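**Q** Before anything else, here's the structure in question.
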Amino acid sequence: MNIYLIPYTPFRHVVVGFACMAFCLAAWWLVLSLTWVWAPWSVEWDGAVFLGAVSAAAGGGSVLAEGSLRRTVLWKRALLAALATSVAALVSIGMYWIWALVSTQMLASIGTEEDVLDPSLVSLRYRWIAWMTTGFGAGLGTALVRKLRGGFAHMVGGALAGLGGAAVWFAVGYPKFAFAQDLFYASALGSAAFGLFFGAFTWGVPDDLYAGWLRVLTVTRHGRRIPIDGLDNGLRERFVGHFPRGLDLFLPAEDGVLELHASVLVNRQQEYRLRGLTLAPTVVRRFLERVDLSYDASRPAPLETRLSSGDRIVMGSKGRQTVVEFLMLPREER
């Protein structure tokens, strides 16, 4: 995965989900191929092996995607992915058999305990817990690799992903649905749905991989841009104006910009704020919103507003204006 190909839009939150979906489909294909050629396990292990492989693929795929985006060295990336894969597979398979043992004991009184272990049974009533524990195992594996940062979200998101995968698997394989009735597609689409939900629910592309930039849209210096925080990811303030020395973004006075017109500040929580430093018009325009930041001499401090990617800053009076756009770009951008 390449951070340059992931724009700073809501879509970035599901990119890892598509990567995990691909890994889960590969795991499904591998298990199915072994089943056709030569399966080194008995029929009773089909469910455990299948769900364990899908869980391992989702957990390892999420960690590999993160390592690729953060440019982690290859040996460390492979080691962390192997750890997540191992934990996810072991926990999922272990919890599968614990669930099978407990459920058979509970159903023994009504004589349906054999249904739980029947590999041909397509029933959401008996299988949803197995899928949910599969997601829990994948979430636990990735949470351990990430030093339990967001551990609760990983495990809850994994459990929800398991329920989503179970619903898709059941809907496609249920014999009363005319459009489905095929266990081949049921397991494939169930795996794909599980991977997509797991990646989307547990770990999206974080904001710390992006940095704020100012880009000039006015013809005079069109395309000129400067980073706010760049690669250092630290506290910084950038000043905009036409004072001849010491400013980060120089703009000509002929376009309505004063010596010290505005500044953009970023804190350690990566919140970007724009401050109006002059009496001249300084307006932030965004969808259905207009914020006037012209300096008010009666206030002890300049007005400020939080910036979002795509906001446009209009400086100067009508007829002599400079327009600057605030963008979020990959931190590695030069």
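Labels for the structure tokens follow display order: chains A, B, ..., residues from 1 in each chain, ligands from 1.
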List the spatial neighbours of range 241-256 of chain A as a PDB file with N, CA and C atoms, in the first residue's frame - criterion: any atom at most 12 Å away, only C-alpha atoms, same-chain residues fewer than 3 positions off excluded.

**A**
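For reference, result_4.pdb as written:
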```pdb
ATOM      1  N   TRP A 213      -0.950  21.621   4.568  1.00  0.00           N
ATOM      2  CA  TRP A 213      -0.234  22.475   3.622  1.00  0.00           C
ATOM      3  C   TRP A 213      -1.099  23.670   3.278  1.00  0.00           C
ATOM      4  N   LEU A 214      -0.442  24.780   2.929  1.00  0.00           N
ATOM      5  CA  LEU A 214      -1.110  25.946   2.363  1.00  0.00           C
ATOM      6  C   LEU A 214      -0.721  26.057   0.895  1.00  0.00           C
ATOM      7  N   ARG A 215      -1.738  26.182   0.036  1.00  0.00           N
ATOM      8  CA  ARG A 215      -1.485  26.301  -1.393  1.00  0.00           C
ATOM      9  C   ARG A 215      -2.158  27.559  -1.931  1.00  0.00           C
ATOM     10  N   VAL A 216      -1.415  28.365  -2.684  1.00  0.00           N
ATOM     11  CA  VAL A 216      -1.937  29.613  -3.242  1.00  0.00           C
ATOM     12  C   VAL A 216      -2.730  29.313  -4.510  1.00  0.00           C
ATOM     13  N   LEU A 217      -3.940  29.855  -4.582  1.00  0.00           N
ATOM     14  CA  LEU A 217      -4.786  29.675  -5.753  1.00  0.00           C
ATOM     15  C   LEU A 217      -4.824  30.911  -6.648  1.00  0.00           C
ATOM     16  N   THR A 218      -4.406  32.060  -6.123  1.00  0.00           N
ATOM     17  CA  THR A 218      -4.416  33.291  -6.905  1.00  0.00           C
ATOM     18  C   THR A 218      -3.370  33.219  -8.014  1.00  0.00           C
ATOM     19  N   VAL A 219      -3.662  33.895  -9.134  1.00  0.00           N
ATOM     20  CA  VAL A 219      -2.810  33.803 -10.316  1.00  0.00           C
ATOM     21  C   VAL A 219      -1.384  34.265 -10.033  1.00  0.00           C
ATOM     22  N   THR A 220      -1.219  35.278  -9.190  1.00  0.00           N
ATOM     23  CA  THR A 220       0.100  35.873  -8.977  1.00  0.00           C
ATOM     24  C   THR A 220       1.131  34.834  -8.544  1.00  0.00           C
ATOM     25  N   ARG A 221       0.793  34.003  -7.587  1.00  0.00           N
ATOM     26  CA  ARG A 221       1.723  32.960  -7.109  1.00  0.00           C
ATOM     27  C   ARG A 221       1.029  31.601  -7.132  1.00  0.00           C
ATOM     28  N   HIS A 222       0.291  31.337  -8.201  1.00  0.00           N
ATOM     29  CA  HIS A 222      -0.521  30.122  -8.287  1.00  0.00           C
ATOM     30  C   HIS A 222       0.355  28.865  -8.158  1.00  0.00           C
ATOM     31  N   ARG A 224       2.049  27.908  -5.543  1.00  0.00           N
ATOM     32  CA  ARG A 224       3.035  28.007  -4.467  1.00  0.00           C
ATOM     33  C   ARG A 224       2.444  27.387  -3.204  1.00  0.00           C
ATOM     34  N   ARG A 225       3.199  26.501  -2.534  1.00  0.00           N
ATOM     35  CA  ARG A 225       2.672  25.846  -1.344  1.00  0.00           C
ATOM     36  C   ARG A 225       3.767  25.634  -0.321  1.00  0.00           C
ATOM     37  N   ILE A 226       3.372  25.604   0.950  1.00  0.00           N
ATOM     38  CA  ILE A 226       4.309  25.375   2.046  1.00  0.00           C
ATOM     39  C   ILE A 226       3.680  24.388   3.024  1.00  0.00           C
ATOM     40  N   PRO A 227       4.494  23.534   3.671  1.00  0.00           N
ATOM     41  CA  PRO A 227       3.960  22.627   4.700  1.00  0.00           C
ATOM     42  C   PRO A 227       3.810  23.362   6.025  1.00  0.00           C
ATOM     43  N   ILE A 228       2.814  22.946   6.801  1.00  0.00           N
ATOM     44  CA  ILE A 228       2.649  23.536   8.133  1.00  0.00           C
ATOM     45  C   ILE A 228       3.562  22.846   9.132  1.00  0.00           C
ATOM     46  N   ASP A 229       3.512  21.513   9.189  1.00  0.00           N
ATOM     47  CA  ASP A 229       4.338  20.787  10.156  1.00  0.00           C
ATOM     48  C   ASP A 229       5.309  19.814   9.495  1.00  0.00           C
ATOM     49  N   ARG A 236       3.977  23.989  15.650  1.00  0.00           N
ATOM     50  CA  ARG A 236       4.544  24.967  14.727  1.00  0.00           C
ATOM     51  C   ARG A 236       3.478  25.983  14.329  1.00  0.00           C
ATOM     52  N   GLU A 237       3.953  27.209  13.997  1.00  0.00           N
ATOM     53  CA  GLU A 237       3.069  28.256  13.488  1.00  0.00           C
ATOM     54  C   GLU A 237       3.702  28.856  12.240  1.00  0.00           C
ATOM     55  N   ARG A 238       2.907  28.933  11.175  1.00  0.00           N
ATOM     56  CA  ARG A 238       3.370  29.505   9.910  1.00  0.00           C
ATOM     57  C   ARG A 238       2.671  30.843   9.690  1.00  0.00           C
ATOM     58  N   GLU A 259       1.317  43.169   5.750  1.00  0.00           N
ATOM     59  CA  GLU A 259       2.645  42.694   6.141  1.00  0.00           C
ATOM     60  C   GLU A 259       2.565  41.399   6.954  1.00  0.00           C
ATOM     61  N   LEU A 260       1.690  41.395   7.928  1.00  0.00           N
ATOM     62  CA  LEU A 260       1.489  40.199   8.756  1.00  0.00           C
ATOM     63  C   LEU A 260      -0.013  39.958   8.785  1.00  0.00           C
ATOM     64  N   HIS A 261      -0.476  39.111   7.889  1.00  0.00           N
ATOM     65  CA  HIS A 261      -1.918  39.020   7.655  1.00  0.00           C
ATOM     66  C   HIS A 261      -2.591  37.905   8.455  1.00  0.00           C
ATOM     67  N   ALA A 262      -2.028  36.716   8.450  1.00  0.00           N
ATOM     68  CA  ALA A 262      -2.645  35.567   9.130  1.00  0.00           C
ATOM     69  C   ALA A 262      -1.566  34.556   9.484  1.00  0.00           C
ATOM     70  N   SER A 263      -1.939  33.593  10.299  1.00  0.00           N
ATOM     71  CA  SER A 263      -1.019  32.501  10.637  1.00  0.00           C
ATOM     72  C   SER A 263      -1.811  31.220  10.823  1.00  0.00           C
ATOM     73  N   VAL A 264      -1.135  30.101  10.585  1.00  0.00           N
ATOM     74  CA  VAL A 264      -1.734  28.778  10.788  1.00  0.00           C
ATOM     75  C   VAL A 264      -0.916  28.056  11.845  1.00  0.00           C
ATOM     76  N   GLY A 276      -6.501  35.314  12.439  1.00  0.00           N
ATOM     77  CA  GLY A 276      -6.482  36.562  11.695  1.00  0.00           C
ATOM     78  C   GLY A 276      -5.696  37.611  12.472  1.00  0.00           C
ATOM     79  N   LEU A 277      -4.652  38.195  11.850  1.00  0.00           N
ATOM     80  CA  LEU A 277      -3.740  39.080  12.571  1.00  0.00           C
ATOM     81  C   LEU A 277      -3.855  40.543  12.139  1.00  0.00           C
ATOM     82  N   THR A 278      -4.788  40.867  11.252  1.00  0.00           N
ATOM     83  CA  THR A 278      -4.902  42.237  10.761  1.00  0.00           C
ATOM     84  C   THR A 278      -6.360  42.680  10.776  1.00  0.00           C
ATOM     85  N   LEU A 279      -6.526  44.020  10.599  1.00  0.00           N
ATOM     86  CA  LEU A 279      -7.872  44.578  10.475  1.00  0.00           C
ATOM     87  C   LEU A 279      -8.459  44.345   9.091  1.00  0.00           C
ATOM     88  N   ALA A 280      -7.615  44.003   8.134  1.00  0.00           N
ATOM     89  CA  ALA A 280      -8.076  43.755   6.772  1.00  0.00           C
ATOM     90  C   ALA A 280      -8.933  42.483   6.725  1.00  0.00           C
ATOM     91  N   PRO A 281      -9.816  42.374   5.739  1.00  0.00           N
ATOM     92  CA  PRO A 281     -10.698  41.196   5.658  1.00  0.00           C
ATOM     93  C   PRO A 281      -9.908  39.893   5.570  1.00  0.00           C
ATOM     94  N   THR A 282     -10.291  38.942   6.403  1.00  0.00           N
ATOM     95  CA  THR A 282      -9.727  37.588   6.389  1.00  0.00           C
ATOM     96  C   THR A 282     -10.894  36.629   6.614  1.00  0.00           C
ATOM     97  N   VAL A 314      -9.673  33.559   2.199  1.00  0.00           N
ATOM     98  CA  VAL A 314      -9.732  34.723   1.309  1.00  0.00           C
ATOM     99  C   VAL A 314      -9.202  35.922   2.085  1.00  0.00           C
ATOM    100  N   MET A 315      -8.117  36.536   1.590  1.00  0.00           N
ATOM    101  CA  MET A 315      -7.472  37.672   2.251  1.00  0.00           C
ATOM    102  C   MET A 315      -7.536  38.895   1.359  1.00  0.00           C
ATOM    103  N   GLY A 316      -7.941  40.033   1.953  1.00  0.00           N
ATOM    104  CA  GLY A 316      -8.026  41.279   1.205  1.00  0.00           C
ATOM    105  C   GLY A 316      -9.445  41.658   0.857  1.00  0.00           C
ATOM    106  N   SER A 317      -9.603  42.938   0.425  1.00  0.00           N
ATOM    107  CA  SER A 317     -10.918  43.464   0.055  1.00  0.00           C
ATOM    108  C   SER A 317     -11.308  42.989  -1.333  1.00  0.00           C
ATOM    109  N   LYS A 318     -12.591  43.114  -1.649  1.00  0.00           N
ATOM    110  CA  LYS A 318     -13.106  42.680  -2.938  1.00  0.00           C
ATOM    111  C   LYS A 318     -12.416  43.447  -4.065  1.00  0.00           C
ATOM    112  N   GLY A 319     -11.965  42.747  -5.068  1.00  0.00           N
ATOM    113  CA  GLY A 319     -11.225  43.344  -6.164  1.00  0.00           C
ATOM    114  C   GLY A 319      -9.727  43.198  -6.021  1.00  0.00           C
ATOM    115  N   ARG A 320      -9.254  43.049  -4.770  1.00  0.00           N
ATOM    116  CA  ARG A 320      -7.827  42.841  -4.493  1.00  0.00           C
ATOM    117  C   ARG A 320      -7.708  41.739  -3.451  1.00  0.00           C
ATOM    118  N   GLN A 321      -7.918  40.526  -3.886  1.00  0.00           N
ATOM    119  CA  GLN A 321      -7.965  39.403  -2.958  1.00  0.00           C
ATOM    120  C   GLN A 321      -6.950  38.332  -3.334  1.00  0.00           C
ATOM    121  N   THR A 322      -6.471  37.656  -2.307  1.00  0.00           N
ATOM    122  CA  THR A 322      -5.630  36.482  -2.480  1.00  0.00           C
ATOM    123  C   THR A 322      -6.338  35.291  -1.838  1.00  0.00           C
ATOM    124  N   VAL A 323      -6.415  34.182  -2.544  1.00  0.00           N
ATOM    125  CA  VAL A 323      -7.091  32.983  -2.053  1.00  0.00           C
ATOM    126  C   VAL A 323      -6.053  31.890  -1.818  1.00  0.00           C
ATOM    127  N   VAL A 324      -6.061  31.365  -0.600  1.00  0.00           N
ATOM    128  CA  VAL A 324      -5.158  30.286  -0.209  1.00  0.00           C
ATOM    129  C   VAL A 324      -6.006  29.107   0.250  1.00  0.00           C
TER     130      VAL A 324
END
```

**Q** Using backbone DSSP assignments, extract all strand (DSSP E or B) residues from range 114-293 of chain A; output them as an MDAnalysis selection string.

**A** chainID A and resid 210:216 225:227 236:241 249:250 262:266 272:276 282:286 289:292

**Q** Applying 6 Å and only C-alpha atoms, which residues near Gly139 in chain A remain after dropping the ones on its own chain fewer than 5 positions away? List them as an MDAnalysis selection string.

**A** chainID A and resid 154:155 158

**Q** Selected residues, N, CA, C and O atoms, written as a JSON list (two decimals), in the first residue's frame, please.

**A**
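Result saved to again-v9.json:
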```
[["chain", "number", "residue", "atom", "x", "y", "z"],
["A", 154, "HIS", "N", -10.48, -2.71, 18.81],
["A", 154, "HIS", "CA", -10.07, -3.84, 17.97],
["A", 154, "HIS", "C", -10.92, -5.07, 18.25],
["A", 154, "HIS", "O", -11.38, -5.74, 17.32],
["A", 155, "MET", "N", -11.11, -5.38, 19.51],
["A", 155, "MET", "CA", -11.83, -6.61, 19.84],
["A", 155, "MET", "C", -13.33, -6.49, 19.58],
["A", 155, "MET", "O", -13.97, -7.41, 19.07],
["A", 158, "GLY", "N", -13.68, -6.39, 15.84],
["A", 158, "GLY", "CA", -13.49, -7.73, 15.29],
["A", 158, "GLY", "C", -14.73, -8.60, 15.49],
["A", 158, "GLY", "O", -15.13, -9.34, 14.59]]
```

**Q** Can you pull out the residues contacting Tyr8 in chain A? Cut-off 8 Å, using only C-alpha atoms, and skip same-chain residues under 5 positions away; I want them as a list in words.

**A**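 The neighbour list is Tyr210, Ser309, Met328 and Leu329 of chain A.
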
**Q** Just how far from CA of Ala130 in chain A is CA of Gly151 in chain A, in Å to one decimal?

**A**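 We find that CA of Gly151 in chain A and CA of Ala130 in chain A lie 20.6 Å from each other.
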
**Q** Residues near Gly135 in chain A, anyone? I mean within 9 Å using only C-alpha atoms, not counting same-chain ones fewer than 5 positions away, as a list in words.

**A** Ser55, Ala58, Ala88, Ser92, Ala130, Leu140, Met155, Val156, Gly157, Gly158, Ala159, Leu160, Ala161, Gly162, Leu163, Phe194 and Phe198 of chain A

**Q** So that I can check the surroundings of Leu235 in chain A, please list as an MDAnalysis selection string every protein, DNA and RNA residue that reaches within 10 Å of it, counting only C-alpha atoms and ignoring chain neighbours fewer than 4 positions away.

**A** chainID A and resid 228:229 265:271

**Q** Store the residues picked out above, limited to C-alpha atoms, as a short mmCIF file (atom, residue, chain, number, x, y, z; two decimals), in the first residue's frame.

**A**
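Okay, this is what ended up in selection.cif:
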```cif
data_model
loop_
_atom_site.label_atom_id
_atom_site.label_comp_id
_atom_site.auth_asym_id
_atom_site.auth_seq_id
_atom_site.Cartn_x
_atom_site.Cartn_y
_atom_site.Cartn_z
CA ILE A 228 2.65 23.54 8.13
CA ASP A 229 4.34 20.79 10.16
CA LEU A 265 -0.94 26.93 14.01
CA VAL A 266 -0.77 23.18 14.58
CA ASN A 267 -0.59 21.58 18.05
CA ARG A 268 0.60 18.16 19.12
CA GLN A 269 -2.91 16.74 18.71
CA GLN A 270 -2.63 17.72 15.02
CA GLU A 271 -5.37 20.33 15.21
#
```

**Q** Extract, using only C-alpha atoms, all DNA, RNA and protein residues at most 9 Å from Gly204 in chain A, discarding same-chain residues fewer than 4 positions from it, and format them as a count of residues only.

**A** 8

**Q** Suppose you want the space between CA of Val31 in chain A and CA of Ala143 in chain A; what is it in Å?

**A**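 Computing the Euclidean distance for CA of Val31 in chain A and CA of Ala143 in chain A yields 25.3 Å.
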
**Q** From the list A:Trp131, A:Trp75, A:Trp97, A:Trp45, which residue is nearest Ser191 in chain A when using only C-alpha atoms?

**A**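 For Ser191 in chain A, the nearest of the given residues is A:Trp131.
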
**Q** List every residue of range 152-225 of chain A that DSSP, applied to the backbone, labels as helix (DSSP H, G or I), and write the result as a ChimeraX atom specification.

**A** /A:152-173,183-202,207-209,219-221

**Q** Choose the residue, out of A:Ser86, A:Leu101, A:Val91, A:Gly173, that has the smallest atom-to-atom separation from Leu124 in chain A; count only C-alpha atoms.

**A**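 Checking each candidate against Leu124 in chain A, we get A:Gly173 as the closest.
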
**Q** What separation in Å, quoted to one decimal, exists between CA of Leu51 in chain A and CA of Thr133 in chain A?

**A**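 So the two atoms, CA of Leu51 in chain A and CA of Thr133 in chain A, lie 9.3 Å apart.
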